[in-house]
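**Student:** Sharing a structure below in structure tokens format, with a few things to ask.
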There are 2 protein chains.
Amino acid sequence: MKHDIHAFRDAALAAIAKARAISLARPGEELATRAKFDSSPVTEADLGVERCLRDELGARFPEHGLWGEEYPRVNPDSPYQWIMDPIDGTIAFSRGIPLWGTILGLWYEGAPLVGVIDHAALGRTYHAAKGLGAWVGERRLHVVDLPADVAMTDELMGIGDRPQFARVGRLHHWDALHAAHPRLRSYTDCYGHTLAAQGSIGALADYGLRAWDLAATQLLVEEAGGEYRVVGTAPDPVNEGGTCYDVVLGKPRAVAWMADVIARAARDDK
Amino acid sequence: MKHDIHAFRDAALAAIAKARAISLARPGEELATRAKFDSSPVTEADLGVERCLRDELGARFPEHGLWGEEYPRVNPDSPYQWIMDPIDGTIAFSRGIPLWGTILGLWYEGAPLVGVIDHAALGRTYHAAKGLGAWVGERRLHVVDLPADVAMTDELMGIGDRPQFARVGRLHHWDALHAAHPRLRSYTDCYGHTLAAQGSIGALADYGLRAWDLAATQLLVEEAGGEYRVVGTAPDPVNEGGTCYDVVLGKPRAVAWMADVIARAARDDK
């Protein structure tokens, strides 16, 4: 199958640029001054961004599948599936923390062709297309592996949100990673994924993710020269029939080290 | 004592604006692609920014004290002390993570008059002056306390870098806070302080800090309507004769709750 990868990527970036006007319309930083958590602005932005992405991509590729959290699937049997998470990081978004992102990926028969993570509030768009590299804006991303003689404890490592480890019953993996490494920082949601894709952290362990949370990550990391591994799956406790994925991504040696810590912790799982 | 607070604040902001050209001269994000940690660009930026701040403030206020990490103290007996941390968050800076900041505070006889935290790579300058409020750019910051009926576990809370709890021998406080709250996220360095000052998180617990790490924080938080508490001190294990401070800051009810968790953990300290 010969794909017009350039056209797909350009369509994804054009849709993301349009959606950005919606996600930035409610100035997230002003939400922070609300005393009580109020999810309505998030819901509004979530629905608006997904509607926009669906309209743009549906008009351009009417036979492609559209799959996001907020609306029913369209063309679920198409080999082409656009997978999206309109606001990944709703807690950050709702609290005026600019580390959320809009995620969009195009998959063909289960393999990724295009991936975009747009940190709209930071003004940084990360994108990758199969064979065309990974980029932030106009700058190409290169994940350089760690030299063999670097102590893993000297490398900055990342870990996802603790409640997501709890969601899949693997808080002891969170504990084991902290016991094995003195400097794990929580870089939650897709912000941790783009840090790994640009080599800012050695590796990230992120647990309990849905398909749309991961729509762009594998391609971004692999096209940058990094490694992406699924280290566990679990039935989704919220969405019936769905699956949650535990992933490790980043510099190959750091990923191998982290996966090893996790494998040792997982021996106790049964 | 009548201070010209406006003049002090304007001088602080002018010095920070000048220093920004130096901290941003080495595009931090490109450093991330280095395989191995290399501290030389950090050291260079650290020295350059502190030199710039000292030159600007020293020329304007030759009798004031200047106190930073990188050079000897100037006029240490002056009642006015400019305290600075040129690059707070050197790990983030060196890894291309834009969540570092330049910190500058003016203190008079031990009380803060002006405080600035400049997240240069994010394009956000947080500043406060005694009696003039706390601001990010042109937007005034208001920390609104939590309603009495909100469950603390529903509020997003922040925690500083784990190695800093270890530095002062209080990793069990880190554990106790995680045991008490399911959703603590690590927001390290002064980035966590500005999130607390804008009400994005309920409260932040940050440990093992030096005077220059805290040069601006108390004033920013208090002028925004929040609360700032020192919950512990310890001899600085690195700088002889120095002191490390453990602080909790944010919305008053959240600060009280966190301080209570810490007080219970601290009963085991003796």
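As shown in the structure tokens, the chain order sets the letters A, B, ...; within each chain, residues go from 1, and ligands are also counted from 1 in the order they appear.
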Define the interface residues of chain A facing chain B as those within 8 Å, counting only C-alpha atoms, and report them as an mmCIF file with all heavy atoms, in the first residue's frame.

**Tutor:**
```
data_model
loop_
_atom_site.group_PDB
_atom_site.id
_atom_site.type_symbol
_atom_site.label_atom_id
_atom_site.label_comp_id
_atom_site.auth_asym_id
_atom_site.auth_seq_id
_atom_site.Cartn_x
_atom_site.Cartn_y
_atom_site.Cartn_z
ATOM 1 N N ALA A 32 -7.629 28.827 36.862
ATOM 2 C CA ALA A 32 -6.964 28.404 38.090
ATOM 3 C C ALA A 32 -7.488 29.135 39.313
ATOM 4 O O ALA A 32 -7.393 28.646 40.422
ATOM 5 C CB ALA A 32 -5.460 28.626 37.966
ATOM 6 N N THR A 33 -8.046 30.323 39.103
ATOM 7 C CA THR A 33 -8.456 31.098 40.265
ATOM 8 C C THR A 33 -9.790 30.623 40.833
ATOM 9 O O THR A 33 -10.231 31.123 41.853
ATOM 10 C CB THR A 33 -8.563 32.590 39.895
ATOM 11 O OG1 THR A 33 -9.458 32.708 38.802
ATOM 12 C CG2 THR A 33 -7.207 33.149 39.501
ATOM 13 N N ARG A 34 -10.444 29.683 40.168
ATOM 14 C CA ARG A 34 -11.677 29.153 40.752
ATOM 15 C C ARG A 34 -11.339 28.332 41.981
ATOM 16 O O ARG A 34 -10.395 27.548 41.976
ATOM 17 C CB ARG A 34 -12.394 28.258 39.748
ATOM 18 C CG ARG A 34 -12.805 29.026 38.515
ATOM 19 C CD ARG A 34 -13.495 28.099 37.534
ATOM 20 N NE ARG A 34 -13.802 28.856 36.334
ATOM 21 C CZ ARG A 34 -14.883 28.683 35.608
ATOM 22 N NH1 ARG A 34 -15.765 27.754 35.943
ATOM 23 N NH2 ARG A 34 -15.101 29.409 34.542
ATOM 24 N N ALA A 35 -12.132 28.505 42.998
ATOM 25 C CA ALA A 35 -11.839 27.803 44.241
ATOM 26 C C ALA A 35 -12.097 26.314 44.098
ATOM 27 O O ALA A 35 -11.358 25.474 44.586
ATOM 28 C CB ALA A 35 -12.679 28.362 45.369
ATOM 29 N N LYS A 36 -13.145 25.982 43.397
ATOM 30 C CA LYS A 36 -13.578 24.595 43.369
ATOM 31 C C LYS A 36 -13.403 24.060 41.960
ATOM 32 O O LYS A 36 -13.583 24.782 40.985
ATOM 33 C CB LYS A 36 -15.055 24.540 43.776
ATOM 34 C CG LYS A 36 -15.478 23.162 44.236
ATOM 35 C CD LYS A 36 -16.810 23.250 44.951
ATOM 36 C CE LYS A 36 -17.284 21.866 45.357
ATOM 37 N NZ LYS A 36 -18.527 21.917 46.125
ATOM 38 N N PHE A 37 -13.081 22.780 41.877
ATOM 39 C CA PHE A 37 -12.939 22.164 40.572
ATOM 40 C C PHE A 37 -14.263 22.224 39.831
ATOM 41 O O PHE A 37 -15.303 21.839 40.342
ATOM 42 C CB PHE A 37 -12.500 20.717 40.724
ATOM 43 C CG PHE A 37 -12.355 20.037 39.392
ATOM 44 C CD1 PHE A 37 -11.232 20.250 38.619
ATOM 45 C CD2 PHE A 37 -13.349 19.208 38.908
ATOM 46 C CE1 PHE A 37 -11.098 19.644 37.382
ATOM 47 C CE2 PHE A 37 -13.224 18.606 37.673
ATOM 48 C CZ PHE A 37 -12.097 18.815 36.911
ATOM 49 N N ARG A 95 -6.807 23.496 35.606
ATOM 50 C CA ARG A 95 -6.134 24.229 36.675
ATOM 51 C C ARG A 95 -5.203 25.308 36.152
ATOM 52 O O ARG A 95 -4.425 25.867 36.925
ATOM 53 C CB ARG A 95 -5.333 23.260 37.556
ATOM 54 C CG ARG A 95 -6.054 22.010 38.027
ATOM 55 C CD ARG A 95 -7.390 22.335 38.652
ATOM 56 N NE ARG A 95 -7.247 23.223 39.764
ATOM 57 C CZ ARG A 95 -7.347 22.869 41.032
ATOM 58 N NH1 ARG A 95 -7.651 21.631 41.343
ATOM 59 N NH2 ARG A 95 -7.189 23.741 41.981
ATOM 60 N N GLY A 96 -5.236 25.573 34.864
ATOM 61 C CA GLY A 96 -4.367 26.615 34.330
ATOM 62 C C GLY A 96 -2.905 26.238 34.262
ATOM 63 O O GLY A 96 -2.028 27.097 34.259
ATOM 64 N N ILE A 97 -2.635 24.928 34.203
ATOM 65 C CA ILE A 97 -1.254 24.446 34.052
ATOM 66 C C ILE A 97 -1.082 24.109 32.570
ATOM 67 O O ILE A 97 -1.826 23.279 32.043
ATOM 68 C CB ILE A 97 -1.020 23.206 34.940
ATOM 69 C CG1 ILE A 97 -1.281 23.568 36.418
ATOM 70 C CG2 ILE A 97 0.397 22.662 34.743
ATOM 71 C CD1 ILE A 97 -1.247 22.374 37.365
ATOM 72 N N LEU A 122 1.650 25.987 25.315
ATOM 73 C CA LEU A 122 3.094 26.224 25.302
ATOM 74 C C LEU A 122 3.574 26.695 23.929
ATOM 75 O O LEU A 122 4.750 27.027 23.765
ATOM 76 C CB LEU A 122 3.855 24.939 25.670
ATOM 77 C CG LEU A 122 3.685 24.393 27.079
ATOM 78 C CD1 LEU A 122 4.431 23.067 27.225
ATOM 79 C CD2 LEU A 122 4.198 25.385 28.117
ATOM 80 N N LEU A 141 13.802 16.143 15.865
ATOM 81 C CA LEU A 141 14.117 15.532 17.153
ATOM 82 C C LEU A 141 15.031 14.335 16.952
ATOM 83 O O LEU A 141 14.827 13.521 16.043
ATOM 84 C CB LEU A 141 12.833 15.062 17.851
ATOM 85 C CG LEU A 141 11.790 16.143 18.130
ATOM 86 C CD1 LEU A 141 10.516 15.519 18.701
ATOM 87 C CD2 LEU A 141 12.350 17.186 19.093
ATOM 88 N N HIS A 142 16.047 14.239 17.819
ATOM 89 C CA HIS A 142 16.955 13.099 17.792
ATOM 90 C C HIS A 142 17.126 12.591 19.212
ATOM 91 O O HIS A 142 17.664 13.300 20.072
ATOM 92 C CB HIS A 142 18.331 13.493 17.249
ATOM 93 C CG HIS A 142 18.309 13.932 15.829
ATOM 94 N ND1 HIS A 142 18.170 13.043 14.786
ATOM 95 C CD2 HIS A 142 18.376 15.165 15.274
ATOM 96 C CE1 HIS A 142 18.175 13.719 13.638
ATOM 97 N NE2 HIS A 142 18.300 15.003 13.907
ATOM 98 N N VAL A 143 16.673 11.407 19.464
ATOM 99 C CA VAL A 143 16.944 10.779 20.751
ATOM 100 C C VAL A 143 18.269 10.038 20.620
ATOM 101 O O VAL A 143 18.409 9.137 19.784
ATOM 102 C CB VAL A 143 15.827 9.791 21.145
ATOM 103 C CG1 VAL A 143 16.232 8.976 22.358
ATOM 104 C CG2 VAL A 143 14.535 10.550 21.421
ATOM 105 N N VAL A 144 19.246 10.468 21.406
ATOM 106 C CA VAL A 144 20.564 9.831 21.381
ATOM 107 C C VAL A 144 20.626 8.881 22.569
ATOM 108 O O VAL A 144 20.309 9.274 23.694
ATOM 109 C CB VAL A 144 21.677 10.901 21.489
ATOM 110 C CG1 VAL A 144 23.044 10.250 21.474
ATOM 111 C CG2 VAL A 144 21.531 11.916 20.365
ATOM 112 N N ASP A 145 21.002 7.646 22.319
ATOM 113 C CA ASP A 145 21.027 6.681 23.424
ATOM 114 C C ASP A 145 22.109 7.056 24.432
ATOM 115 O O ASP A 145 23.067 7.766 24.116
ATOM 116 C CB ASP A 145 21.272 5.258 22.893
ATOM 117 C CG ASP A 145 20.824 4.199 23.913
ATOM 118 O OD1 ASP A 145 20.194 4.551 24.934
ATOM 119 O OD2 ASP A 145 21.081 2.999 23.663
ATOM 120 N N LEU A 146 21.929 6.587 25.657
ATOM 121 C CA LEU A 146 22.926 6.810 26.693
ATOM 122 C C LEU A 146 24.172 5.986 26.388
ATOM 123 O O LEU A 146 24.067 4.861 25.890
ATOM 124 C CB LEU A 146 22.364 6.377 28.047
ATOM 125 C CG LEU A 146 21.204 7.216 28.573
ATOM 126 C CD1 LEU A 146 20.514 6.503 29.717
ATOM 127 C CD2 LEU A 146 21.717 8.569 29.012
ATOM 128 N N PRO A 147 25.343 6.520 26.700
ATOM 129 C CA PRO A 147 26.548 5.696 26.590
ATOM 130 C C PRO A 147 26.452 4.524 27.574
ATOM 131 O O PRO A 147 25.752 4.610 28.590
ATOM 132 C CB PRO A 147 27.674 6.652 27.007
ATOM 133 C CG PRO A 147 27.088 8.021 26.966
ATOM 134 C CD PRO A 147 25.626 7.866 27.201
ATOM 135 N N VAL A 150 27.153 5.113 31.479
ATOM 136 C CA VAL A 150 26.413 6.058 32.333
ATOM 137 C C VAL A 150 25.609 5.285 33.368
ATOM 138 O O VAL A 150 24.916 4.324 33.040
ATOM 139 C CB VAL A 150 25.476 6.948 31.487
ATOM 140 C CG1 VAL A 150 24.461 7.663 32.366
ATOM 141 C CG2 VAL A 150 26.293 7.958 30.706
ATOM 142 N N GLU A 155 20.803 9.682 35.427
ATOM 143 C CA GLU A 155 19.946 10.177 34.346
ATOM 144 C C GLU A 155 18.593 10.593 34.927
ATOM 145 O O GLU A 155 18.049 9.907 35.790
ATOM 146 C CB GLU A 155 19.760 9.046 33.306
ATOM 147 C CG GLU A 155 18.789 9.330 32.196
ATOM 148 C CD GLU A 155 19.305 10.333 31.158
ATOM 149 O OE1 GLU A 155 20.371 10.935 31.375
ATOM 150 O OE2 GLU A 155 18.613 10.508 30.143
ATOM 151 N N ASP A 161 1.308 9.710 36.128
ATOM 152 C CA ASP A 161 0.474 10.031 37.281
ATOM 153 C C ASP A 161 0.235 8.776 38.128
ATOM 154 O O ASP A 161 -0.148 7.728 37.615
ATOM 155 C CB ASP A 161 -0.866 10.544 36.748
ATOM 156 C CG ASP A 161 -1.416 11.675 37.586
ATOM 157 O OD1 ASP A 161 -0.682 12.229 38.419
ATOM 158 O OD2 ASP A 161 -2.594 12.001 37.387
ATOM 159 N N ARG A 162 0.449 8.918 39.429
ATOM 160 C CA ARG A 162 0.301 7.777 40.337
ATOM 161 C C ARG A 162 -1.094 7.137 40.285
ATOM 162 O O ARG A 162 -1.190 5.908 40.309
ATOM 163 C CB ARG A 162 0.650 8.243 41.754
ATOM 164 C CG ARG A 162 0.756 7.149 42.795
ATOM 165 C CD ARG A 162 1.407 7.722 44.045
ATOM 166 N NE ARG A 162 1.427 6.803 45.165
ATOM 167 C CZ ARG A 162 0.518 6.788 46.140
ATOM 168 N NH1 ARG A 162 -0.498 7.629 46.123
ATOM 169 N NH2 ARG A 162 0.632 5.918 47.139
ATOM 170 N N PRO A 163 -2.185 7.923 40.204
ATOM 171 C CA PRO A 163 -3.507 7.288 40.167
ATOM 172 C C PRO A 163 -3.677 6.338 38.980
ATOM 173 O O PRO A 163 -4.503 5.434 39.031
ATOM 174 C CB PRO A 163 -4.472 8.474 40.064
ATOM 175 C CG PRO A 163 -3.736 9.624 40.654
ATOM 176 C CD PRO A 163 -2.293 9.394 40.287
ATOM 177 N N PRO A 182 16.550 7.377 42.397
ATOM 178 C CA PRO A 182 16.310 8.463 43.352
ATOM 179 C C PRO A 182 15.651 9.691 42.739
ATOM 180 O O PRO A 182 15.154 10.536 43.462
ATOM 181 C CB PRO A 182 17.721 8.821 43.830
ATOM 182 C CG PRO A 182 18.603 8.472 42.677
ATOM 183 C CD PRO A 182 17.974 7.259 42.036
ATOM 184 N N ARG A 183 15.680 9.811 41.418
ATOM 185 C CA ARG A 183 15.219 11.063 40.821
ATOM 186 C C ARG A 183 14.225 10.811 39.693
ATOM 187 O O ARG A 183 14.494 11.058 38.534
ATOM 188 C CB ARG A 183 16.394 11.889 40.299
ATOM 189 C CG ARG A 183 16.047 13.347 40.043
ATOM 190 C CD ARG A 183 17.237 14.136 39.514
ATOM 191 N NE ARG A 183 18.290 14.314 40.489
ATOM 192 C CZ ARG A 183 18.290 15.264 41.421
ATOM 193 N NH1 ARG A 183 17.314 16.122 41.511
ATOM 194 N NH2 ARG A 183 19.293 15.351 42.268
ATOM 195 N N LEU A 184 13.087 10.249 40.082
ATOM 196 C CA LEU A 184 11.969 10.123 39.157
ATOM 197 C C LEU A 184 11.095 11.352 39.353
ATOM 198 O O LEU A 184 10.679 11.642 40.468
ATOM 199 C CB LEU A 184 11.111 8.911 39.519
ATOM 200 C CG LEU A 184 11.619 7.527 39.193
ATOM 201 C CD1 LEU A 184 10.573 6.515 39.642
ATOM 202 C CD2 LEU A 184 11.872 7.379 37.702
ATOM 203 N N ARG A 185 10.776 12.034 38.251
ATOM 204 C CA ARG A 185 9.845 13.154 38.374
ATOM 205 C C ARG A 185 8.570 12.806 37.642
ATOM 206 O O ARG A 185 8.598 12.167 36.608
ATOM 207 C CB ARG A 185 10.466 14.420 37.772
ATOM 208 C CG ARG A 185 11.622 14.940 38.599
ATOM 209 C CD ARG A 185 12.192 16.207 38.013
ATOM 210 N NE ARG A 185 13.221 16.753 38.895
ATOM 211 C CZ ARG A 185 13.942 17.828 38.594
ATOM 212 N NH1 ARG A 185 13.751 18.463 37.450
ATOM 213 N NH2 ARG A 185 14.855 18.271 39.437
ATOM 214 N N SER A 186 7.442 13.250 38.188
ATOM 215 C CA SER A 186 6.183 12.990 37.496
ATOM 216 C C SER A 186 6.010 14.021 36.382
ATOM 217 O O SER A 186 5.959 15.222 36.636
ATOM 218 C CB SER A 186 4.998 13.003 38.471
ATOM 219 O OG SER A 186 4.811 14.250 39.083
ATOM 220 N N TYR A 187 6.011 13.534 35.155
ATOM 221 C CA TYR A 187 5.667 14.352 33.997
ATOM 222 C C TYR A 187 4.436 13.703 33.399
ATOM 223 O O TYR A 187 4.533 12.685 32.718
ATOM 224 C CB TYR A 187 6.822 14.414 32.991
ATOM 225 C CG TYR A 187 8.036 15.144 33.526
ATOM 226 C CD1 TYR A 187 9.224 14.486 33.804
ATOM 227 C CD2 TYR A 187 7.973 16.515 33.756
ATOM 228 C CE1 TYR A 187 10.326 15.169 34.298
ATOM 229 C CE2 TYR A 187 9.076 17.206 34.251
ATOM 230 C CZ TYR A 187 10.242 16.523 34.513
ATOM 231 O OH TYR A 187 11.338 17.196 35.007
ATOM 232 N N LEU A 195 8.554 14.994 26.226
ATOM 233 C CA LEU A 195 9.890 15.111 26.847
ATOM 234 C C LEU A 195 10.750 13.899 26.497
ATOM 235 O O LEU A 195 11.945 14.033 26.224
ATOM 236 C CB LEU A 195 9.788 15.245 28.370
ATOM 237 C CG LEU A 195 9.258 16.567 28.936
ATOM 238 C CD1 LEU A 195 9.353 16.545 30.465
ATOM 239 C CD2 LEU A 195 10.017 17.774 28.390
ATOM 240 N N GLN A 198 11.971 14.046 22.869
ATOM 241 C CA GLN A 198 13.048 14.998 22.555
ATOM 242 C C GLN A 198 14.299 14.708 23.372
ATOM 243 O O GLN A 198 15.255 15.491 23.337
ATOM 244 C CB GLN A 198 12.583 16.448 22.734
ATOM 245 C CG GLN A 198 12.382 16.887 24.166
ATOM 246 C CD GLN A 198 11.969 18.368 24.269
ATOM 247 O OE1 GLN A 198 11.526 18.972 23.299
ATOM 248 N NE2 GLN A 198 12.110 18.934 25.441
ATOM 249 N N GLY A 199 14.299 13.592 24.116
ATOM 250 C CA GLY A 199 15.496 13.203 24.838
ATOM 251 C C GLY A 199 15.750 13.972 26.117
ATOM 252 O O GLY A 199 16.837 13.892 26.696
ATOM 253 N N SER A 200 14.757 14.703 26.607
ATOM 254 C CA SER A 200 14.957 15.470 27.848
ATOM 255 C C SER A 200 15.029 14.573 29.068
ATOM 256 O O SER A 200 15.637 14.937 30.073
ATOM 257 C CB SER A 200 13.814 16.475 28.037
ATOM 258 O OG SER A 200 13.919 17.538 27.133
ATOM 259 N N ILE A 201 14.389 13.423 28.997
ATOM 260 C CA ILE A 201 14.467 12.448 30.078
ATOM 261 C C ILE A 201 14.945 11.128 29.486
ATOM 262 O O ILE A 201 14.764 10.873 28.290
ATOM 263 C CB ILE A 201 13.111 12.268 30.802
ATOM 264 C CG1 ILE A 201 11.978 11.956 29.804
ATOM 265 C CG2 ILE A 201 12.756 13.519 31.588
ATOM 266 C CD1 ILE A 201 10.613 11.758 30.451
#
```

**Student:** Residues within 10 Å of A:Asp189, please, as JSON, numbers by chain. Count only C-alpha atoms; anything in the same chain fewer than 4 positions from it doesn't count.

**Tutor:** {"A": [87, 88, 89, 90, 91, 92, 99, 100, 101, 159, 160, 161, 193, 194, 206, 209, 213, 214]}

**Student:** Please extract the residues of stretch 81-163 of chain A with a backbone DSSP assignment of strand (DSSP E or B) and present them as a ChimeraX atom specification.

**Tutor:** /A:81-88,101-108,111-119,124-129,133-136,139-140,157-159

**Student:** Would you write out those residues with N, CA, C and O atoms, as a compact mmCIF listing (two decimals), in the first residue's frame?

**Tutor:**
```txt
# COMPACT_ATOMS: atom_id res chain seq x y z
N GLN A 81 -7.60 4.77 10.42
CA GLN A 81 -8.28 5.27 11.61
C GLN A 81 -7.57 6.51 12.15
O GLN A 81 -6.38 6.45 12.48
N TRP A 82 -8.31 7.59 12.22
CA TRP A 82 -7.82 8.80 12.91
C TRP A 82 -8.22 8.68 14.37
O TRP A 82 -9.41 8.62 14.69
N ILE A 83 -7.24 8.64 15.25
CA ILE A 83 -7.50 8.48 16.68
C ILE A 83 -7.12 9.79 17.37
O ILE A 83 -6.06 10.36 17.07
N MET A 84 -7.98 10.25 18.26
CA MET A 84 -7.75 11.60 18.82
C MET A 84 -8.12 11.69 20.29
O MET A 84 -9.02 11.02 20.77
N ASP A 85 -7.38 12.52 20.99
CA ASP A 85 -7.73 12.90 22.36
C ASP A 85 -7.71 14.42 22.39
O ASP A 85 -6.65 15.04 22.37
N PRO A 86 -8.90 15.04 22.41
CA PRO A 86 -8.94 16.50 22.21
C PRO A 86 -8.20 17.27 23.29
O PRO A 86 -7.45 18.22 22.98
N ILE A 87 -8.40 16.92 24.56
CA ILE A 87 -7.63 17.56 25.65
C ILE A 87 -7.05 16.43 26.49
O ILE A 87 -7.74 15.85 27.34
N ASP A 88 -5.81 16.09 26.28
CA ASP A 88 -5.13 15.10 27.12
C ASP A 88 -4.45 15.89 28.25
O ASP A 88 -3.60 16.75 27.99
N GLY A 101 -2.18 18.63 26.23
CA GLY A 101 -1.98 18.60 24.78
C GLY A 101 -3.18 18.04 24.04
O GLY A 101 -4.05 17.39 24.63
N THR A 102 -3.23 18.34 22.75
CA THR A 102 -4.20 17.73 21.85
C THR A 102 -3.47 16.66 21.05
O THR A 102 -2.41 16.93 20.48
N ILE A 103 -4.01 15.44 21.06
CA ILE A 103 -3.35 14.30 20.44
C ILE A 103 -4.12 13.86 19.21
O ILE A 103 -5.36 13.74 19.26
N LEU A 104 -3.41 13.60 18.13
CA LEU A 104 -4.04 13.11 16.90
C LEU A 104 -3.09 12.13 16.22
O LEU A 104 -1.91 12.44 16.05
N GLY A 105 -3.62 10.97 15.85
CA GLY A 105 -2.80 10.01 15.13
C GLY A 105 -3.59 9.36 14.00
O GLY A 105 -4.81 9.14 14.12
N LEU A 106 -2.90 9.06 12.92
CA LEU A 106 -3.51 8.27 11.85
C LEU A 106 -2.85 6.91 11.82
O LEU A 106 -1.62 6.81 11.75
N TRP A 107 -3.69 5.87 11.88
CA TRP A 107 -3.20 4.50 11.87
C TRP A 107 -3.75 3.78 10.65
O TRP A 107 -4.89 4.00 10.24
N TYR A 108 -2.92 2.90 10.08
CA TYR A 108 -3.36 2.08 8.94
C TYR A 108 -3.16 0.62 9.30
O TYR A 108 -2.03 0.19 9.55
N ALA A 111 -1.00 0.08 12.34
CA ALA A 111 0.36 0.66 12.43
C ALA A 111 0.26 2.18 12.23
O ALA A 111 -0.51 2.65 11.40
N PRO A 112 1.05 2.95 12.97
CA PRO A 112 0.93 4.41 12.91
C PRO A 112 1.58 5.01 11.68
O PRO A 112 2.69 4.63 11.30
N LEU A 113 0.89 5.94 11.05
CA LEU A 113 1.42 6.67 9.89
C LEU A 113 1.78 8.11 10.24
O LEU A 113 2.75 8.65 9.73
N VAL A 114 0.95 8.74 11.07
CA VAL A 114 1.14 10.14 11.43
C VAL A 114 0.81 10.30 12.91
O VAL A 114 -0.13 9.66 13.40
N GLY A 115 1.56 11.13 13.60
CA GLY A 115 1.25 11.41 15.00
C GLY A 115 1.54 12.86 15.35
O GLY A 115 2.58 13.39 14.96
N VAL A 116 0.61 13.50 16.06
CA VAL A 116 0.78 14.89 16.47
C VAL A 116 0.41 15.03 17.95
O VAL A 116 -0.62 14.51 18.38
N ILE A 117 1.27 15.69 18.71
CA ILE A 117 0.92 16.14 20.06
C ILE A 117 1.13 17.64 20.06
O ILE A 117 2.25 18.13 19.87
N ASP A 118 0.03 18.37 20.25
CA ASP A 118 0.09 19.83 20.20
C ASP A 118 -0.05 20.39 21.61
O ASP A 118 -1.12 20.30 22.21
N HIS A 119 1.04 20.95 22.14
CA HIS A 119 0.95 21.65 23.42
C HIS A 119 0.58 23.11 23.12
O HIS A 119 1.45 23.99 23.05
N ARG A 124 3.94 24.76 21.28
CA ARG A 124 4.87 23.77 20.72
C ARG A 124 4.08 22.61 20.12
O ARG A 124 3.32 21.95 20.82
N THR A 125 4.30 22.35 18.84
CA THR A 125 3.63 21.25 18.15
C THR A 125 4.65 20.17 17.80
O THR A 125 5.59 20.42 17.05
N TYR A 126 4.47 19.00 18.36
CA TYR A 126 5.32 17.85 18.06
C TYR A 126 4.62 16.99 17.01
O TYR A 126 3.44 16.67 17.18
N HIS A 127 5.34 16.60 15.97
CA HIS A 127 4.70 15.79 14.94
C HIS A 127 5.69 14.83 14.31
O HIS A 127 6.90 15.10 14.26
N ALA A 128 5.16 13.72 13.86
CA ALA A 128 5.98 12.71 13.19
C ALA A 128 5.16 12.06 12.10
O ALA A 128 3.92 12.00 12.18
N ALA A 129 5.83 11.59 11.06
CA ALA A 129 5.16 10.82 10.02
C ALA A 129 6.11 9.68 9.63
O ALA A 129 7.35 9.85 9.68
N GLY A 133 10.58 11.33 9.92
CA GLY A 133 11.19 11.90 11.12
C GLY A 133 10.19 12.48 12.09
O GLY A 133 8.98 12.53 11.82
N ALA A 134 10.72 12.87 13.24
CA ALA A 134 9.91 13.51 14.29
C ALA A 134 10.42 14.93 14.47
O ALA A 134 11.62 15.18 14.38
N TRP A 135 9.51 15.83 14.73
CA TRP A 135 9.83 17.25 14.74
C TRP A 135 9.08 17.97 15.86
O TRP A 135 7.98 17.56 16.24
N VAL A 136 9.69 19.04 16.36
CA VAL A 136 8.92 20.01 17.12
C VAL A 136 9.02 21.30 16.32
O VAL A 136 10.10 21.87 16.16
N ARG A 139 12.17 22.02 14.07
CA ARG A 139 13.40 21.40 14.57
C ARG A 139 13.23 19.89 14.66
O ARG A 139 12.27 19.39 15.25
N ARG A 140 14.14 19.17 14.05
CA ARG A 140 14.05 17.71 14.06
C ARG A 140 14.49 17.16 15.42
O ARG A 140 15.45 17.65 16.02
N MET A 157 14.82 10.64 35.07
CA MET A 157 13.77 9.73 34.57
C MET A 157 12.39 10.29 34.92
O MET A 157 12.25 11.04 35.89
N GLY A 158 11.41 9.87 34.15
CA GLY A 158 10.04 10.36 34.36
C GLY A 158 9.08 9.24 34.70
O GLY A 158 9.30 8.07 34.36
N ILE A 159 8.02 9.63 35.38
CA ILE A 159 6.98 8.66 35.72
C ILE A 159 5.64 9.36 35.59
O ILE A 159 5.52 10.57 35.84
```

**Student:** Please compute the atom CA of B:Asp55-atom CA of B:Ala19 distance, one decimal, in Å.

**Tutor:** 10.3 Å

**Student:** Between atom CA of A:Leu13 and atom CA of A:Arg60, what is the distance in Å, rounded to a tenth?

**Tutor:** 13.0 Å

**Student:** How many Å separate atom CA of A:Glu63 from atom CA of A:Glu223?

**Tutor:**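 Here the two named atoms are 27.0 Å from each other.
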